[in-house]
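Engineer: Hey, dropping work.cif in here, mmCIF, C-alpha atoms and all ligand atoms:
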data_data
#
loop_
_atom_site.label_atom_id
_atom_site.label_comp_id
_atom_site.auth_asym_id
_atom_site.auth_seq_id
_atom_site.Cartn_x
_atom_site.Cartn_y
_atom_site.Cartn_z
CA MET J 13 -60.77 5.88 -12.74
CA LYS J 14 -57.04 5.65 -12.87
CA SER J 15 -56.77 2.37 -11.12
CA GLU J 16 -58.88 0.75 -13.79
CA ILE J 17 -56.55 1.80 -16.55
CA CYS J 18 -53.38 0.92 -14.71
CA ARG J 19 -54.09 -2.70 -14.05
CA THR J 20 -51.85 -4.28 -11.45
CA PRO J 21 -50.20 -7.34 -12.98
CA ASP J 22 -50.51 -10.47 -10.89
CA LYS J 23 -47.51 -12.01 -9.25
CA GLU J 24 -46.87 -14.73 -11.79
CA GLU J 25 -47.02 -12.38 -14.67
CA ARG J 26 -44.75 -9.93 -13.02
CA SER J 27 -42.10 -12.50 -12.37
CA LEU J 28 -42.31 -13.58 -15.99
CA LEU J 29 -41.77 -10.03 -17.09
CA ARG J 30 -38.96 -9.79 -14.69
CA GLN J 31 -37.37 -12.92 -16.05
CA VAL J 32 -37.40 -11.51 -19.54
CA LEU J 33 -35.92 -8.27 -18.33
CA ASP J 34 -33.30 -10.16 -16.40
CA LYS J 35 -32.38 -12.10 -19.51
CA ILE J 36 -31.96 -8.94 -21.52
CA ALA J 37 -30.02 -7.30 -18.72
CA ASN J 38 -27.74 -10.31 -18.32
CA HIS J 39 -27.13 -10.46 -22.03
CA CYS J 40 -26.10 -6.83 -22.16
CA ARG J 41 -24.16 -7.01 -18.93
CA ALA J 42 -22.02 -9.88 -20.14
CA ARG J 43 -20.78 -7.73 -23.00
CA SER J 44 -19.63 -4.81 -20.94
CA LEU J 45 -17.44 -5.77 -18.04
CA PHE J 46 -14.99 -3.73 -16.06
CA ILE J 47 -12.25 -5.44 -14.14
CA LEU J 48 -10.82 -4.15 -10.95
CA HIS J 49 -7.45 -5.87 -10.88
CA TYR J 50 -6.04 -6.51 -7.46
CA CYS J 51 -2.49 -7.19 -8.47
CA THR J 52 -0.57 -8.30 -5.41
CA GLY J 53 0.36 -11.71 -6.79
CA CYS J 54 3.04 -12.52 -9.35
CA GLY J 55 0.38 -13.66 -11.86
CA ALA J 56 -0.49 -10.02 -12.40
CA ILE J 57 2.32 -9.89 -14.91
CA GLU J 58 0.13 -11.81 -17.38
CA LEU J 59 -2.58 -9.22 -17.18
CA PRO J 60 -1.01 -6.39 -19.22
CA PRO J 61 -0.79 -8.48 -22.42
CA VAL J 62 -4.38 -9.60 -21.91
CA ILE J 63 -5.84 -6.15 -21.64
CA THR J 64 -3.58 -4.38 -24.10
CA SER J 65 -2.90 -4.70 -27.80
CA ARG J 66 -1.48 -8.24 -27.82
CA PHE J 67 -4.56 -10.17 -26.71
CA ASP J 68 -6.83 -7.18 -26.47
CA SER J 69 -9.63 -8.20 -24.17
CA GLU J 70 -11.40 -4.98 -24.98
CA ARG J 71 -12.73 -6.54 -28.15
CA LEU J 72 -14.62 -8.97 -25.89
CA GLY J 73 -16.01 -6.05 -23.95
CA ILE J 74 -13.71 -6.36 -20.96
CA GLN J 75 -11.74 -3.39 -19.73
CA PRO J 76 -9.73 -2.54 -16.67
CA MET J 77 -11.23 -0.08 -14.23
CA VAL J 78 -9.58 1.73 -11.37
CA THR J 79 -12.22 2.00 -8.69
CA PRO J 80 -14.34 -0.65 -7.00
CA ARG J 81 -17.56 1.27 -7.35
CA GLN J 82 -17.30 1.30 -11.12
CA ALA J 83 -16.17 -2.28 -11.61
CA ASP J 84 -17.99 -5.57 -12.16
CA ILE J 85 -15.16 -8.02 -11.75
CA LEU J 86 -12.72 -8.25 -8.90
CA LEU J 87 -9.70 -10.02 -10.28
CA ILE J 88 -7.44 -11.44 -7.58
CA THR J 89 -4.21 -12.20 -9.32
CA GLY J 90 -2.56 -14.57 -6.90
CA TYR J 91 -1.53 -14.97 -3.31
CA LEU J 92 -3.04 -12.75 -0.68
CA SER J 93 -1.45 -12.10 2.65
CA ILE J 94 -3.79 -11.88 5.60
CA LYS J 95 -3.19 -8.15 5.60
CA THR J 96 -4.10 -7.69 1.96
CA LEU J 97 -7.13 -9.95 2.31
CA LYS J 98 -8.55 -7.37 4.66
CA ARG J 99 -8.27 -4.74 1.94
CA VAL J 100 -9.75 -7.11 -0.61
CA ILE J 101 -12.82 -7.63 1.54
CA LEU J 102 -13.23 -3.89 2.03
CA THR J 103 -12.93 -3.43 -1.72
CA TYR J 104 -15.30 -6.26 -2.52
CA GLU J 105 -17.99 -4.94 -0.24
CA GLN J 106 -17.80 -1.54 -1.89
CA MET J 107 -18.51 -2.92 -5.33
CA ALA J 108 -22.05 -2.60 -6.56
CA ALA J 109 -23.96 -5.80 -7.24
CA PRO J 110 -23.98 -7.79 -9.43
CA LYS J 111 -20.29 -8.38 -8.96
CA TYR J 112 -18.02 -11.23 -9.87
CA VAL J 113 -14.80 -12.49 -8.35
CA ILE J 114 -12.13 -14.29 -10.30
CA GLY J 115 -9.40 -16.12 -8.43
CA MET J 116 -6.39 -16.32 -10.66
CA GLY J 117 -3.62 -18.82 -10.08
CA SER J 118 -3.32 -21.76 -7.74
CA CYS J 119 -2.53 -19.45 -4.84
CA THR J 120 -6.16 -18.45 -4.63
CA ILE J 121 -7.30 -22.09 -4.75
CA ASN J 122 -5.26 -23.61 -1.94
CA GLY J 123 -2.34 -21.35 -1.26
CA GLY J 124 -0.29 -22.64 -4.19
CA MET J 125 3.40 -22.62 -3.50
CA TYR J 126 2.75 -20.46 -0.46
CA TRP J 127 0.90 -23.27 1.27
CA GLN J 128 3.53 -23.39 4.02
CA SER J 129 3.52 -19.67 4.66
CA TYR J 130 1.99 -18.41 7.86
CA ALA J 131 1.33 -15.04 6.26
CA THR J 132 -0.87 -15.91 3.28
CA ILE J 133 -4.42 -17.15 3.09
CA LYS J 134 -5.11 -20.42 1.31
CA ARG J 135 -8.67 -20.60 0.04
CA LEU J 136 -10.09 -17.38 -1.21
CA LEU J 137 -13.63 -18.75 -1.38
CA GLU J 138 -13.82 -18.96 2.40
CA TYR J 139 -13.72 -15.19 2.68
CA ILE J 140 -15.50 -13.93 -0.41
CA PRO J 141 -17.53 -15.91 -2.96
CA VAL J 142 -15.50 -16.80 -6.05
CA ASP J 143 -17.23 -17.12 -9.41
CA MET J 144 -14.35 -18.52 -11.33
CA TYR J 145 -10.87 -19.84 -10.85
CA MET J 146 -8.18 -19.68 -13.44
CA ALA J 147 -5.90 -22.54 -12.52
CA GLY J 148 -2.20 -22.43 -13.20
CA CYS J 149 0.90 -20.92 -11.75
CA MET J 150 0.60 -18.59 -13.45
CA PRO J 151 -2.21 -18.96 -16.00
CA ARG J 152 -1.17 -17.83 -19.45
CA PRO J 153 -2.96 -14.96 -21.21
CA GLU J 154 -4.84 -17.46 -23.38
CA ALA J 155 -6.18 -19.17 -20.28
CA MET J 156 -7.25 -15.83 -18.86
CA GLN J 157 -8.96 -14.94 -22.09
CA GLN J 158 -10.72 -18.31 -22.02
CA GLY J 159 -11.73 -17.68 -18.44
CA PHE J 160 -13.19 -14.31 -19.31
CA LEU J 161 -15.19 -15.84 -22.15
CA GLN J 162 -16.50 -18.52 -19.81
CA LEU J 163 -17.48 -15.93 -17.25
CA MET J 164 -19.28 -13.94 -19.93
CA ASP J 165 -21.15 -17.09 -20.86
CA ASN J 166 -22.07 -17.70 -17.25
CA ILE J 167 -23.33 -14.18 -16.83
CA ASP J 168 -25.30 -14.36 -20.05
CA ASN J 169 -26.96 -17.59 -18.92
CA GLY J 170 -27.67 -16.22 -15.49
CA ASN J 171 -25.28 -18.66 -13.79
CA ALA J 172 -22.88 -16.20 -12.25
CA ASN J 173 -24.71 -15.55 -9.02
CA CYS J 174 -22.05 -16.08 -6.42
CA TRP J 175 -22.38 -12.52 -5.18
CA LYS J 176 -25.80 -13.47 -3.83
CA ASP J 177 -24.18 -16.15 -1.76
CA TYR J 178 -22.31 -13.49 0.19
CA TYR J 179 -25.65 -12.18 1.38
CA TYR J 180 -27.31 -15.55 1.92
CA ASN J 181 -24.38 -16.95 3.85
CA TYR J 182 -22.86 -13.80 5.26
CA ASP J 183 -22.53 -15.31 8.71
CA GLU J 184 -20.23 -18.05 7.45
CA TYR J 185 -18.03 -15.71 5.42
CA LEU J 186 -17.80 -13.36 8.35
CA GLY J 187 -16.88 -16.28 10.61
CA HIS J 188 -13.90 -17.14 8.43
CA GLN J 189 -12.88 -13.51 8.35
CA GLN J 190 -13.12 -13.24 12.10
CA ALA J 191 -11.01 -16.37 12.50
CA LEU J 192 -8.14 -14.44 10.92
CA PHE J 193 -8.75 -10.86 11.98
CA GLY J 194 -10.15 -11.37 15.44
CA PRO J 195 -13.70 -11.16 16.79
CA ASP J 196 -13.86 -7.37 16.62
CA TRP J 197 -13.42 -7.29 12.83
CA HIS J 198 -16.00 -5.30 10.97
CA THR J 199 -16.18 -3.30 7.77
CA PRO J 200 -17.89 0.03 7.13
CA THR J 201 -20.39 -1.69 4.87
CA ASP J 202 -23.60 -2.86 6.47
CA VAL J 203 -23.90 -6.12 4.61
CA ILE J 204 -26.96 -7.28 6.50
CA ALA J 205 -28.93 -4.18 5.59
CA GLU J 206 -27.79 -4.59 2.02
CA ALA J 207 -28.99 -8.18 2.04
CA ARG J 208 -32.41 -6.95 3.08
CA HIS J 209 -32.29 -4.25 0.48
CA TYR J 210 -31.57 -6.74 -2.30
CA GLN J 211 -34.12 -9.13 -0.79
CA LEU J 212 -31.37 -11.67 -0.32
CA PHE J 213 -31.75 -11.94 3.40
CA GLY J 214 -31.74 -15.63 4.26
CA GLU J 215 -31.61 -17.86 7.28
CA LYS J 216 -27.83 -17.90 7.29
CA THR J 217 -27.35 -14.20 6.73
CA ILE J 218 -27.13 -13.63 10.44
CA GLY J 219 -25.89 -15.92 13.15
CA ASP J 220 -23.32 -16.22 15.89
CA HIS J 221 -20.68 -14.33 14.00
CA THR J 222 -22.82 -11.40 12.98
CA ALA J 223 -23.89 -11.11 16.60
CA LEU J 224 -20.30 -10.17 17.37
CA LEU J 225 -20.55 -7.38 14.81
CA ALA J 226 -23.18 -5.64 16.85
CA LYS J 227 -21.19 -6.21 20.00
CA PHE J 228 -18.01 -4.59 18.76
CA ALA J 229 -19.28 -2.15 16.18
CA SER J 230 -18.71 1.50 16.70
CA LYS J 231 -21.76 3.59 16.10
CA TYR J 232 -19.70 5.70 13.74
CA VAL J 233 -18.71 2.78 11.57
CA THR J 234 -21.89 0.85 10.98
CA LYS J 235 -24.79 3.12 10.56
CA THR J 236 -27.66 0.85 9.71
CA ILE J 237 -29.98 1.83 6.92
CA PRO J 238 -33.25 3.02 8.49
CA ASN J 239 -35.98 0.40 8.47
CA HIS J 240 -38.40 2.43 6.41
CA ILE J 241 -35.91 2.47 3.57
CA VAL J 242 -35.02 -1.17 3.86
CA GLY J 243 -38.68 -2.07 4.10
CA VAL J 244 -38.77 -4.20 7.20
CA ASN J 245 -40.45 -3.57 10.48
CA MET I 23 43.95 -11.00 5.98
CA SER I 24 46.83 -9.56 4.15
CA THR I 25 45.01 -6.34 3.32
CA PRO I 26 45.93 -3.77 5.98
CA LEU I 27 43.14 -1.85 7.65
CA PRO I 28 42.77 1.80 6.85
CA GLU I 29 44.61 3.76 9.47
CA ILE I 30 41.61 5.56 10.86
CA LEU I 31 39.82 2.26 11.39
CA ASP I 32 42.81 0.65 13.02
CA SER I 33 43.14 3.37 15.61
CA THR I 34 39.40 3.36 16.22
CA LEU I 35 39.17 -0.35 16.81
CA GLN I 36 42.03 -0.25 19.29
CA ASN I 37 39.79 1.73 21.61
CA ILE I 38 37.50 -1.24 22.14
CA PRO I 39 38.87 -4.05 24.31
CA ASN I 40 38.36 -7.76 23.55
CA LEU I 41 37.38 -7.24 19.98
CA THR I 42 38.23 -9.73 17.28
CA PHE I 43 38.03 -8.89 13.67
CA THR I 44 38.50 -10.68 10.39
CA VAL I 45 39.16 -8.93 7.16
CA GLN I 46 37.06 -10.92 4.77
CA ASP I 47 38.02 -9.06 1.67
CA ARG I 48 38.87 -5.56 0.53
CA HIS I 49 35.38 -4.30 1.27
CA ARG I 50 34.27 -6.43 4.17
CA LEU I 51 35.26 -6.55 7.75
CA ARG I 52 33.72 -8.82 10.34
CA ILE I 53 33.90 -7.78 13.95
CA GLU I 54 32.90 -9.85 16.96
CA LEU I 55 32.58 -8.20 20.32
CA HIS I 56 30.81 -8.33 23.63
CA ARG I 57 27.31 -6.89 23.61
CA ASP I 58 28.14 -4.26 26.23
CA ARG I 59 30.70 -2.67 23.95
CA LEU I 60 28.58 -2.37 20.84
CA PRO I 61 27.17 1.13 21.46
CA ALA I 62 30.68 2.44 22.10
CA LEU I 63 31.90 0.85 18.88
CA LEU I 64 29.05 2.35 16.88
CA GLU I 65 29.67 5.78 18.38
CA LEU I 66 33.31 5.61 17.45
CA LEU I 67 32.71 4.26 13.98
CA LYS I 68 30.15 6.92 13.25
CA GLY I 69 31.92 9.81 14.92
CA ARG I 70 35.54 9.11 14.04
CA ALA I 71 35.71 6.70 11.12
CA GLY I 72 32.94 7.98 8.89
CA TYR I 73 30.63 4.96 9.03
CA LEU I 74 27.53 7.02 8.55
CA HIS I 75 25.22 4.43 7.12
CA LEU I 76 23.60 1.69 9.16
CA SER I 77 22.32 -0.39 6.28
CA ALA I 78 20.67 -3.17 8.28
CA ILE I 79 20.43 -4.98 11.56
CA SER I 80 19.91 -8.68 11.19
CA CYS I 81 19.05 -11.27 13.75
CA VAL I 82 19.84 -14.98 13.91
CA ASP I 83 18.13 -17.40 16.25
CA TRP I 84 20.58 -19.99 17.59
CA PRO I 85 18.49 -22.71 19.23
CA ASP I 86 21.48 -24.76 20.52
CA THR I 87 23.06 -22.00 22.56
CA ASP I 88 19.79 -20.28 23.35
CA GLU I 89 21.09 -17.02 22.00
CA PHE I 90 20.20 -14.40 19.46
CA GLU I 91 22.94 -13.08 17.28
CA LEU I 92 22.50 -9.47 16.23
CA VAL I 93 24.50 -8.22 13.29
CA TYR I 94 24.90 -4.50 12.65
CA HIS I 95 25.89 -3.71 9.10
CA LEU I 96 27.68 -0.39 8.66
CA TRP I 97 28.87 1.18 5.47
CA SER I 98 31.36 3.94 4.97
CA TYR I 99 31.13 6.03 1.87
CA GLU I 100 34.70 7.19 2.35
CA VAL I 101 36.59 4.00 3.06
CA LYS I 102 34.04 1.97 1.06
CA THR I 103 33.98 -0.98 3.40
CA LEU I 104 31.15 -2.80 5.06
CA ILE I 105 31.58 -3.63 8.68
CA SER I 106 29.41 -6.30 10.24
CA ALA I 107 29.49 -6.14 13.99
CA HIS I 108 28.29 -9.38 15.60
CA ILE I 109 27.06 -9.64 19.15
CA HIS I 110 25.23 -12.37 21.04
CA ILE I 111 22.44 -11.81 23.52
CA PRO I 112 20.80 -14.48 25.66
CA LYS I 113 17.35 -15.51 24.51
CA ASN I 114 16.05 -15.03 27.99
CA PRO I 115 15.01 -12.34 28.58
CA GLY I 116 15.83 -11.37 24.97
CA ARG I 117 16.38 -7.71 25.66
CA TYR I 118 18.93 -5.36 24.27
CA ILE I 119 19.44 -1.62 24.07
CA SER I 120 18.31 0.39 21.12
CA VAL I 121 20.89 2.19 19.01
CA TYR I 122 18.28 4.57 17.69
CA ASP I 123 20.07 7.48 19.36
CA ILE I 124 23.19 6.75 17.32
CA TYR I 125 21.63 5.69 14.04
CA THR I 126 18.02 6.75 13.41
CA PRO I 127 17.33 4.07 10.75
CA ALA I 128 17.72 1.55 13.57
CA ALA I 129 14.11 2.35 14.50
CA PHE I 130 12.77 0.30 11.60
CA PHE I 131 15.19 -2.58 11.96
CA GLU I 132 14.59 -2.90 15.67
CA ARG I 133 10.86 -2.79 15.27
CA ASP I 134 11.09 -5.45 12.63
CA ILE I 135 13.31 -7.70 14.74
CA HIS I 136 11.02 -7.24 17.70
CA GLU I 137 8.10 -8.40 15.61
CA MET I 138 9.86 -11.31 13.90
CA PHE I 139 12.00 -12.60 16.79
CA GLY I 140 10.52 -11.06 19.90
CA VAL I 141 13.71 -9.24 20.93
CA TYR I 142 12.84 -6.17 22.97
CA PHE I 143 14.96 -3.08 22.43
CA GLU I 144 15.04 -0.75 25.37
CA GLY I 145 14.77 2.88 24.40
CA ALA I 146 13.57 2.07 20.91
CA LEU I 147 11.34 4.52 19.15
CA ASP I 148 8.43 2.17 18.57
CA MET I 149 7.89 -1.49 19.35
CA GLU I 150 4.38 -1.75 17.92
CA PRO I 151 3.56 -4.33 15.20
CA PHE I 152 5.02 -3.19 11.92
CA ILE I 153 4.20 -5.54 9.05
CA LEU I 154 2.36 -8.29 10.89
CA THR I 155 -0.48 -6.15 12.14
CA GLU I 156 -2.90 -9.07 11.78
CA TRP I 157 -0.74 -11.58 13.57
CA TYR I 158 -1.55 -12.99 16.98
CA GLY I 159 0.86 -15.93 17.13
CA PRO I 160 4.44 -16.18 18.41
CA PRO I 161 7.21 -14.31 16.57
CA PRO I 162 7.24 -16.27 13.32
CA MET I 163 10.96 -16.18 12.56
CA LEU I 164 11.87 -18.15 15.68
CA LYS I 165 13.22 -21.59 14.89
CA SER I 166 10.80 -23.01 17.45
CA PHE I 167 7.84 -21.81 15.39
CA SER I 168 6.77 -24.29 12.77
CA SER I 169 5.04 -22.54 9.95
CA VAL I 170 3.83 -25.83 8.48
CA ASP I 171 2.17 -26.93 11.71
CA TYR I 172 0.57 -23.53 12.07
CA VAL I 173 -0.80 -23.70 8.53
CA LYS I 174 -2.09 -27.23 9.01
CA GLU I 175 -3.92 -26.18 12.12
CA THR I 176 -5.28 -22.92 10.75
CA PHE I 177 -6.16 -23.58 7.13
CA LYS I 178 -7.90 -26.32 5.22
CA TRP I 179 -6.46 -27.92 2.13
CA GLN I 180 -8.63 -27.86 -0.93
CA GLU I 181 -8.20 -30.60 -3.48
CA TYR I 182 -8.14 -29.62 -7.09
CA SER I 183 -11.41 -30.90 -8.41
CA PRO I 184 -10.94 -33.24 -11.36
CA ASP I 185 -14.27 -32.01 -12.73
CA TRP I 186 -12.85 -28.84 -14.05
CA LEU I 187 -10.17 -30.81 -15.77
CA LYS I 188 -12.86 -32.77 -17.60
CA ASP I 189 -14.53 -29.50 -18.55
CA ILE I 190 -11.29 -28.19 -19.95
CA GLU I 191 -10.54 -31.41 -21.82
CA GLU I 192 -13.97 -31.35 -23.37
CA LYS I 193 -13.15 -27.99 -24.82
CA GLY I 194 -9.89 -29.26 -26.22
CA GLY I 195 -7.63 -28.01 -23.46
CA GLN I 196 -5.24 -29.93 -21.24
CA VAL I 197 -2.92 -29.62 -18.32
CA VAL I 198 0.72 -29.45 -19.36
CA GLU I 199 3.11 -30.86 -16.77
S1 LIG R 1 -0.29 -18.96 -8.47
FE1 LIG R 1 1.89 -18.88 -8.99
S2 LIG R 1 2.07 -17.08 -10.32
FE2 LIG R 1 0.14 -16.90 -9.19
S3 LIG R 1 0.59 -15.70 -7.38
FE3 LIG R 1 0.76 -17.86 -6.85
S4 LIG R 1 2.92 -18.34 -7.09
FE4 LIG R 1 2.54 -16.43 -8.21
#
Could you render the structure as structure tokens?
Structural biologist:
Amino acid sequence: MKSEICRTPDKEERSLLRQVLDKIANHCRARSLFILHYCTGCGAIELPPVITSRFDSERLGIQPMVTPRQADILLITGYLSIKTLKRVILTYEQMAAPKYVIGMGSCTINGGMYWQSYATIKRLLEYIPVDMYMAGCMPRPEAMQQGFLQLMDNIDNGNANCWKDYYYNYDEYLGHQQALFGPDWHTPTDVIAEARHYQLFGEKTIGDHTALLAKFASKYVTKTIPNHIVGVN
Amino acid sequence: MSTPLPEILDSTLQNIPNLTFTVQDRHRLRIELHRDRLPALLELLKGRAGYLHLSAISCVDWPDTDEFELVYHLWSYEVKTLISAHIHIPKNPGRYISVYDIYTPAAFFERDIHEMFGVYFEGALDMEPFILTEWYGPPPMLKSFSSVDYVKETFKWQEYSPDWLKDIEEKGGQVVE
């Protein structure tokens, strides 16, 4: 009897419903954003006026947050040394999806004035997917505000999906990370299992680089999510 | 040169043979000596003359003479002068003795110099990587290491895309030179 009342919607219909829900979710999400500010670069000095009374980004619905698990935006405020990049990746992987990365300042685009330094990385997007760059050295608070508004727009329109790319192309990102940190580099997060969980597992999620993960991983560090939870055989 | 040395310092320095010193100003004294005599000098300065504070050890790479110059900076809170003791060590094998037993802060400076220049300090507390824990290349402060070449080989340059400039201009913005 029950099954007759609770009709199963067909696939098309369901995806339509989902689209509407996504739209509503995106709309709401864009108006409540928490930034995790990773302030190792000099550009960080422009952040306090943006988030406090002078430019007051809170009126746009953007607030600073102190932990990765409770934040939507990872704001990288400038140059990253190879050592800090490691911490950034660990932080990024701990954030719950959907998550957005903003690269602030020319240092995150191509190394900026630290191009000649052996100790800093040059292109942030090789290691984690970047949704938005704020160009300048350093970008002024107005530019940051503008950038935030643009990101909100992108989220609202469903165009801020770079976080998915990390799952689709995990092998490539990991490859770049390994090039800097050595072949035995791995994080406590099981990104591949997460990709399956979010149904974002693609052809390029695993490859030569992820094979090294399995080779070097300690059983204490990467505990894979059991298959029955992930839903694959 | 005209400023006389404090008495205690004068008598201390006379204990070390073949030592040249220059009084640079009222608060600075530069000493050059043979590397074998440095520990003795430090012992005397610390024990007899009150130079309790080793504020830094610096290293200079001299490519022409194939030598490292190590400079030990010592400060006395009593006499209020800074002594820089300069020694030279051959680049090959690039080893020297640690002064950790005389001045404990030397542990950090020696570890740092080991990492940046490759000088090995015998008897040092710790010669493990300190700041450059993710570094696999040669000691980066050596003159023979070209940071630019390393960067060109390791990283790719990314052009600024003119597209975003168009986007910004459309919205009434511009790039100010
Ligand atoms: S882009 Fe400029 S302001 Fe920003 S971190 Fe780099 S050098 Fe500093």
Engineer: Around ligand LIG 1 (chain R), out to 8 Å and counting all atoms listed in the file, which residues are there? I want them as an mmCIF file with C-alpha atoms, in the frame of the given file.
Structural biologist:
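Written output follows (selection_2.cif):
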data_model
loop_
_atom_site.group_PDB
_atom_site.id
_atom_site.type_symbol
_atom_site.label_atom_id
_atom_site.label_comp_id
_atom_site.auth_asym_id
_atom_site.auth_seq_id
_atom_site.Cartn_x
_atom_site.Cartn_y
_atom_site.Cartn_z
ATOM 1 C CA THR J 52 -0.570 -8.300 -5.410
ATOM 2 C CA GLY J 53 0.360 -11.710 -6.790
ATOM 3 C CA CYS J 54 3.040 -12.520 -9.350
ATOM 4 C CA GLY J 55 0.380 -13.660 -11.860
ATOM 5 C CA ALA J 56 -0.490 -10.020 -12.400
ATOM 6 C CA THR J 89 -4.210 -12.200 -9.320
ATOM 7 C CA GLY J 90 -2.560 -14.570 -6.900
ATOM 8 C CA TYR J 91 -1.530 -14.970 -3.310
ATOM 9 C CA MET J 116 -6.390 -16.320 -10.660
ATOM 10 C CA GLY J 117 -3.620 -18.820 -10.080
ATOM 11 C CA SER J 118 -3.320 -21.760 -7.740
ATOM 12 C CA CYS J 119 -2.530 -19.450 -4.840
ATOM 13 C CA THR J 120 -6.160 -18.450 -4.630
ATOM 14 C CA GLY J 123 -2.340 -21.350 -1.260
ATOM 15 C CA GLY J 124 -0.290 -22.640 -4.190
ATOM 16 C CA MET J 125 3.400 -22.620 -3.500
ATOM 17 C CA TYR J 126 2.750 -20.460 -0.460
ATOM 18 C CA ALA J 147 -5.900 -22.540 -12.520
ATOM 19 C CA GLY J 148 -2.200 -22.430 -13.200
ATOM 20 C CA CYS J 149 0.900 -20.920 -11.750
ATOM 21 C CA MET J 150 0.600 -18.590 -13.450
ATOM 22 C CA PRO J 151 -2.210 -18.960 -16.000
#
Engineer: Between J:Asn181, J:Gln82, J:Thr222, J:Gln189, which is the closest to Val100 (chain J) once you count only C-alpha atoms?
Structural biologist: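 Of the candidates, the smallest distance to Val100 (chain J) is held by J:Gln189.
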Engineer: For Met138 (chain I), list every protein, DNA or RNA residue within 9 Å, evaluated using all atoms listed in the file, and leave out those in the same chain fewer than 5 positions away; present the list as a list in words.
Structural biologist: Arg133, Leu154, Pro160, Pro161, Pro162, Met163 and Leu164 of chain I
Engineer: Rounded to one decimal place, report the CA of Lys98 (chain J)-CA of Ile133 (chain J) distance in Å.
Structural biologist: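 One can read the CA of Lys98 (chain J) to CA of Ile133 (chain J) distance as 10.7 Å.
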Engineer: If we count all atoms listed in the file, which residues of chain J reach to within 9 Å of chain I? Please list them as a PyMOL selection string.
Structural biologist: chain J and resi 94-95+121-123+127-131+133-135+148+191-194
Engineer: With only C-alpha atoms counted and 9 Å as the cut-off, give the residues of region 101-201 of chain J in contact with region 211-216 of chain J, each with its shortest interatomic distance in Å and the pair that gives it, as CSV.
Structural biologist:
residue,atom,partner,partner_atom,distance
J:Lys176,CA,J:Leu212,CA,6.8
J:Asp177,CA,J:Leu212,CA,8.6
J:Tyr179,CA,J:Leu212,CA,6.0
J:Tyr180,CA,J:Gly214,CA,5.0
J:Asn181,CA,J:Lys216,CA,5.0
J:Tyr182,CA,J:Lys216,CA,6.8
J:Asp183,CA,J:Lys216,CA,6.1
J:Glu184,CA,J:Lys216,CA,7.6
Engineer: Restricting the calculation to only C-alpha atoms: of I:Phe139, I:Val45, I:Lys193, I:Tyr125, which residue gets closest to Gln162 (chain J)?
Structural biologist: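 Under the stated criterion, the closest residue is I:Lys193.
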Engineer: Contacts of Asn40 (chain I) at 10 Å or less, counting all atoms listed in the file, minus same-chain residues fewer than 6 places along, as a VMD selection string?
Structural biologist: chain I and resid 54 to 56 59
Engineer: Tell me, in Å to one decimal, how far CA of Trp175 (chain J) is from CA of Pro60 (chain J).
Structural biologist: 26.3 Å
Engineer: Got a sec: who's within 10 Å of Met149 (chain I), counting only C-alpha atoms, leaving out chain neighbours fewer than 5 positions off, as a compact mmCIF listing (two decimals) with C-alpha atoms, in the frame of the given file?
Structural biologist:
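Contents of selection18.txt, freshly written:
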# COMPACT_ATOMS: atom_id res chain seq x y z
CA ALA I 129 14.11 2.35 14.50
CA PHE I 130 12.77 0.30 11.60
CA GLU I 132 14.59 -2.90 15.67
CA ARG I 133 10.86 -2.79 15.27
CA ASP I 134 11.09 -5.45 12.63
CA ILE I 135 13.31 -7.70 14.74
CA HIS I 136 11.02 -7.24 17.70
CA GLU I 137 8.10 -8.40 15.61
CA GLY I 140 10.52 -11.06 19.90
CA VAL I 141 13.71 -9.24 20.93
CA TYR I 142 12.84 -6.17 22.97
CA PHE I 143 14.96 -3.08 22.43
CA GLU I 144 15.04 -0.75 25.37
Engineer: So which residues touch Tyr210 (chain J) within 10 Å, counting only C-alpha atoms, skipping near sequence neighbours fewer than 4 positions away, as a list of chain:residue names?
Structural biologist: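 Everything that qualifies: J:Ala109, J:Lys176, J:Tyr179, J:Ile204, J:Ala205, J:Glu206, J:Val242.
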Engineer: Missing atoms in region 169-175 of chain J: can you complete it with N, CA and C atoms, as a compact mmCIF listing (two decimals), keeping the file's coordinate frame?
Structural biologist:
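Contents of the output file rebuild.txt:
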# COMPACT_ATOMS: atom_id res chain seq x y z
N ASN J 169 -25.98 -16.55 -19.23
CA ASN J 169 -26.96 -17.59 -18.92
C ASN J 169 -27.54 -17.46 -17.52
N GLY J 170 -27.16 -16.42 -16.84
CA GLY J 170 -27.67 -16.22 -15.49
C GLY J 170 -27.09 -17.19 -14.47
N ASN J 171 -25.87 -17.70 -14.72
CA ASN J 171 -25.28 -18.66 -13.79
C ASN J 171 -24.20 -18.06 -12.89
N ALA J 172 -23.95 -16.79 -13.06
CA ALA J 172 -22.88 -16.20 -12.25
C ALA J 172 -23.51 -15.43 -11.09
N ASN J 173 -23.97 -16.18 -10.10
CA ASN J 173 -24.71 -15.55 -9.02
C ASN J 173 -24.04 -15.67 -7.67
N CYS J 174 -22.73 -15.86 -7.69
CA CYS J 174 -22.05 -16.08 -6.42
C CYS J 174 -22.17 -14.88 -5.49
N TRP J 175 -22.29 -13.69 -6.04
CA TRP J 175 -22.38 -12.52 -5.18
C TRP J 175 -23.58 -12.61 -4.25
